[in-house]
Amino acid sequence: MELNIPELSLVLLIGASGSGKSSFAVKHFKGTEIVSSDYCRALVSDDENNVAATDDAFEVAEYIVRKRLKNGLLTVLDATNVQPAYRQRWVKLAREYHVLPVAIVLDMPEKVCLERSRNRTDRDMSLRVIDTHIRQLHQGMRKLKDEGFRHIHVLCKEDDVNNATIKRNLLYNNKKDVRGPFDIIGDVHGCYDELVMLLTEIGYEVKPSNNAYGVEVIPPVGRTAVFVGDLVDRGPKSPAVLRLVMSMVKSKAAWCVPGNHDSKLLKYLNGKNVQLKHGLEKTVEQLQGESVEFIEELKKFLDGLVSHYVFDDGKLVVAHA
């Protein structure tokens with residue numbers, strides 16, 4: 001079983017004592033990536049089983065996790081994590097550092113957890129403790145997505161755990177292998193004619209097309225355009241700008257990140273209560289003549305934009321600001 005996780009994420013191992021979380025962590029992650037609650041207890045009390053040291057231990061764990069996420073490092077939290085309140089602490093931290101939280105649940109049978117616990121020389125968890133962990137796990141497992149986890153993997157059999165592999169996927173904004181030269185264009189604001197003039201001036205060929213957008217743009221050899229947001233509002237031809245940029249992105253002649261005006265338009269298209277001002281009223285009026293199919297494709301396009309891209313081996317980051 002292949003478990004896909006983002007290359008930069010905060011991974012919570014979730015399971016009762018004896019479910020095999022620590023063994024799983026050691027098998028699939030570097031030692032430096034693992035932050036263990038037991039080890040943190042030992043750091044602050046010389047005894048990893050000292051329950052009285054739990055609060056201090058988690059303060060240490062949070063400090064380490066913060067430093068790792070700040071430095072852009074995947075981090076694995078090895079703790080029971082069976083209580084929603086504890087998980088929310090880590091989900092909040094992940095959001096603070098714009099990192100995706102991942103849940104890997106080891107939902108092992110009670111008898112397996114109990115047998116493993118009894119075979120440990122350093123600890124012997126009682127049936128009552130393990131039963132409580134499993135009950136808490138099952139009570140909250142269905143709500144993991146609502147808690148903020150976007151990647152959830154549940155392993156219910158020992159064979160699933162033994163055969164699991166971890167695949168680290170590049171983040172959507174990791175385009176370090178894409179290199180320039182780049183032509184960075186911002187704040188078009190519905191000014192289609194001026195955009196065409198600009199692209200033509202810097203060597204792009206803009207011509208009519210039979211494609212779904214009615215326009216095709218051919219970039220100069222080796223160059224790529226990067227639109228850094230605010231495609232719409234204020235100007236007279238926001239739909240035309242959108243068609244041109246959507247065509248360029250689809251043909252890989254350009255990349256695009258959203259601006260605040262684009263994000264507000266998406267909210268409007270999704271039925272959110274937004275104020276029609278600062279130019280949005282013009283865009284809404286201009287879109288009234290567009291087909292339902294175009295509006296649906298536009299919503300997908302805007303919803304698929306990511307906040308920033310990292311290009312050129314990490315030497316260039318583009319975002320709307």
# chains A, B, ... in the order shown; residues from 1 in each chain; ligands from 1
$ residues_around --residues "Ile104 (chain A)" --least-positions-apart "3" --cutoff "8 Å" --atoms "only C-alpha atoms" --output "list in words"
Val11, Leu12, Leu13, Ile14, Ile152, His153, Val154 and Leu155 of chain A
$ select_by_dssp --residues "region 36-231 of chain A" --states "strand (DSSP E)" --output "MDAnalysis selection string"
chainID A and resid 36 75:78 100:106 151:155 165:169 174:175 182:185 205:208 215:218 224:227
$ residues_around --residues "Pro101 (chain A)" --least-positions-apart "4" --cutoff "12 Å" --atoms "only C-alpha atoms" --output "compact mmCIF listing (two decimals) with N, CA and C atoms, in the first residue's frame"
# COMPACT_ATOMS: atom_id res chain seq x y z
N ILE A 5 2.17 11.45 0.57
CA ILE A 5 2.16 12.61 1.46
C ILE A 5 2.92 13.75 0.78
N PRO A 6 2.59 14.99 1.09
CA PRO A 6 3.34 16.12 0.53
C PRO A 6 4.78 16.11 1.04
N GLU A 7 5.69 16.56 0.20
CA GLU A 7 7.11 16.57 0.57
C GLU A 7 7.37 17.44 1.79
N LEU A 8 6.55 18.48 1.96
CA LEU A 8 6.63 19.30 3.16
C LEU A 8 5.29 19.21 3.87
N SER A 9 5.28 18.57 5.03
CA SER A 9 4.03 18.37 5.75
C SER A 9 4.34 18.09 7.21
N LEU A 10 3.29 18.20 8.03
CA LEU A 10 3.38 17.78 9.43
C LEU A 10 2.56 16.50 9.54
N VAL A 11 3.24 15.39 9.75
CA VAL A 11 2.61 14.07 9.76
C VAL A 11 2.31 13.68 11.20
N LEU A 12 1.04 13.45 11.50
CA LEU A 12 0.65 12.95 12.82
C LEU A 12 0.42 11.45 12.73
N LEU A 13 1.17 10.68 13.49
CA LEU A 13 0.89 9.26 13.65
C LEU A 13 -0.16 9.13 14.74
N LEU A 69 9.39 23.27 10.95
CA LEU A 69 8.48 23.79 9.94
C LEU A 69 8.94 25.16 9.45
N LEU A 74 9.98 18.49 6.55
CA LEU A 74 8.93 17.54 6.91
C LEU A 74 9.16 17.06 8.33
N THR A 75 8.08 16.97 9.09
CA THR A 75 8.18 16.59 10.50
C THR A 75 7.10 15.57 10.84
N VAL A 76 7.48 14.57 11.63
CA VAL A 76 6.57 13.50 12.03
C VAL A 76 6.40 13.54 13.54
N LEU A 77 5.16 13.64 14.00
CA LEU A 77 4.89 13.65 15.44
C LEU A 77 4.46 12.25 15.87
N ARG A 87 -4.93 16.90 18.65
CA ARG A 87 -4.69 17.02 17.21
C ARG A 87 -4.85 18.46 16.74
N GLN A 88 -5.85 19.16 17.29
CA GLN A 88 -6.09 20.53 16.86
C GLN A 88 -4.91 21.44 17.14
N ARG A 89 -4.19 21.13 18.19
CA ARG A 89 -2.99 21.91 18.51
C ARG A 89 -1.99 21.86 17.36
N TRP A 90 -1.85 20.66 16.77
CA TRP A 90 -0.86 20.48 15.71
C TRP A 90 -1.40 20.96 14.36
N VAL A 91 -2.70 20.80 14.12
CA VAL A 91 -3.29 21.33 12.88
C VAL A 91 -3.14 22.85 12.84
N LYS A 92 -3.40 23.49 13.96
CA LYS A 92 -3.25 24.94 14.06
C LYS A 92 -1.81 25.35 13.78
N LEU A 93 -0.87 24.60 14.31
CA LEU A 93 0.55 24.90 14.10
C LEU A 93 0.93 24.73 12.63
N ALA A 94 0.42 23.67 12.01
CA ALA A 94 0.70 23.45 10.59
C ALA A 94 0.19 24.61 9.76
N ARG A 95 -1.02 25.07 10.05
CA ARG A 95 -1.58 26.20 9.31
C ARG A 95 -0.76 27.46 9.51
N GLU A 96 -0.26 27.64 10.71
CA GLU A 96 0.54 28.82 11.01
C GLU A 96 1.76 28.90 10.09
N TYR A 97 2.31 27.75 9.75
CA TYR A 97 3.49 27.70 8.89
C TYR A 97 3.15 27.30 7.46
N LEU A 144 -11.70 13.48 11.00
CA LEU A 144 -10.35 13.96 10.72
C LEU A 144 -10.34 15.01 9.60
N LYS A 145 -11.14 14.79 8.56
CA LYS A 145 -11.19 15.76 7.47
C LYS A 145 -11.73 17.08 7.95
N GLU A 147 -11.46 18.25 10.84
CA GLU A 147 -10.45 18.86 11.71
C GLU A 147 -9.38 19.61 10.92
N GLY A 148 -9.30 19.35 9.62
CA GLY A 148 -8.32 20.06 8.81
C GLY A 148 -7.31 19.19 8.09
N PHE A 149 -7.39 17.86 8.29
CA PHE A 149 -6.45 16.96 7.61
C PHE A 149 -6.89 16.77 6.16
N ARG A 150 -5.99 17.01 5.22
CA ARG A 150 -6.30 16.85 3.81
C ARG A 150 -5.73 15.56 3.24
N HIS A 151 -4.84 14.94 3.96
CA HIS A 151 -4.29 13.64 3.56
C HIS A 151 -4.47 12.70 4.75
N ILE A 152 -5.30 11.69 4.57
CA ILE A 152 -5.64 10.77 5.66
C ILE A 152 -5.43 9.34 5.17
N HIS A 153 -4.61 8.60 5.90
CA HIS A 153 -4.36 7.20 5.56
C HIS A 153 -4.65 6.35 6.79
$ closest_residue --among "A:Phe182, A:Tyr213, A:Trp255, A:Tyr204" --to "Gly229 (chain A)" --atoms "only C-alpha atoms"
A:Trp255
$ residues_around --residues "Asp56 (chain A)" --least-positions-apart "2" --cutoff "10 Å" --atoms "only C-alpha atoms" --output "number ranges by chain"
A: 40-41, 43-45, 52-54, 58-62
$ closest_atom_pairs --of "region 153-202 of chain A" --to "region 292-313 of chain A" --cutoff "7 Å" --atoms "only C-alpha atoms" --output "JSON lines"
{"residue": "A:Asn173", "atom": "CA", "partner": "A:Tyr309", "partner_atom": "CA", "distance": 4.5}
{"residue": "A:Asn174", "atom": "CA", "partner": "A:Val310", "partner_atom": "CA", "distance": 5.4}
{"residue": "A:Lys175", "atom": "CA", "partner": "A:Phe311", "partner_atom": "CA", "distance": 5.0}
{"residue": "A:Lys176", "atom": "CA", "partner": "A:Phe311", "partner_atom": "CA", "distance": 4.3}
{"residue": "A:Asp177", "atom": "CA", "partner": "A:Asp312", "partner_atom": "CA", "distance": 6.1}
{"residue": "A:Val178", "atom": "CA", "partner": "A:Asp312", "partner_atom": "CA", "distance": 5.6}
{"residue": "A:Arg179", "atom": "CA", "partner": "A:Asp312", "partner_atom": "CA", "distance": 4.5}
{"residue": "A:Gly180", "atom": "CA", "partner": "A:Asp312", "partner_atom": "CA", "distance": 6.9}
$ write_last_selection --atoms "N, CA and C atoms" --output "PDB file, in the first residue's frame"
ATOM      1  N   ASN A 173       3.240  24.003  -5.652  1.00  0.00           N
ATOM      2  CA  ASN A 173       3.977  25.226  -5.991  1.00  0.00           C
ATOM      3  C   ASN A 173       5.473  24.995  -6.177  1.00  0.00           C
ATOM      4  N   ASN A 174       5.920  23.749  -6.057  1.00  0.00           N
ATOM      5  CA  ASN A 174       7.337  23.450  -6.236  1.00  0.00           C
ATOM      6  C   ASN A 174       7.633  23.263  -7.720  1.00  0.00           C
ATOM      7  N   LYS A 175       8.096  24.317  -8.345  1.00  0.00           N
ATOM      8  CA  LYS A 175       8.475  24.285  -9.756  1.00  0.00           C
ATOM      9  C   LYS A 175       9.950  24.666  -9.901  1.00  0.00           C
ATOM     10  N   LYS A 176      10.752  24.137  -8.984  1.00  0.00           N
ATOM     11  CA  LYS A 176      12.167  24.482  -8.982  1.00  0.00           C
ATOM     12  C   LYS A 176      12.880  24.030 -10.249  1.00  0.00           C
ATOM     13  N   ASP A 177      12.300  23.032 -10.927  1.00  0.00           N
ATOM     14  CA  ASP A 177      12.921  22.554 -12.159  1.00  0.00           C
ATOM     15  C   ASP A 177      12.569  23.433 -13.354  1.00  0.00           C
ATOM     16  N   VAL A 178      11.657  24.379 -13.173  1.00  0.00           N
ATOM     17  CA  VAL A 178      11.295  25.305 -14.252  1.00  0.00           C
ATOM     18  C   VAL A 178      12.210  26.522 -14.171  1.00  0.00           C
ATOM     19  N   ARG A 179      12.892  26.797 -15.261  1.00  0.00           N
ATOM     20  CA  ARG A 179      13.873  27.889 -15.266  1.00  0.00           C
ATOM     21  C   ARG A 179      13.508  28.945 -16.298  1.00  0.00           C
ATOM     22  N   GLY A 180      13.984  30.141 -16.075  1.00  0.00           N
ATOM     23  CA  GLY A 180      13.675  31.275 -16.933  1.00  0.00           C
ATOM     24  C   GLY A 180      14.422  31.246 -18.245  1.00  0.00           C
TER      25      GLY A 180
END
$ select_by_dssp --residues "region 150-295 of chain A" --states "helix (DSSP H, G or I)" --output "PyMOL selection string"
chain A and resi 158-163+192-201+238-250+260-269+280-287+292-295
$ closest_residue --among "A:Arg116, A:Arg168, A:Lys272, A:Lys237" --to "Ser23 (chain A)" --atoms "only C-alpha atoms"
A:Arg116
$ closest_residue --among "A:Val284, A:Leu114, A:Leu198, A:Val274" --to "Gly235 (chain A)" --atoms "only C-alpha atoms"
A:Val284
$ atom_distance --atom1 "CA of Gly314 (chain A)" --atom2 "CA of Tyr63 (chain A)"
26.4 Å
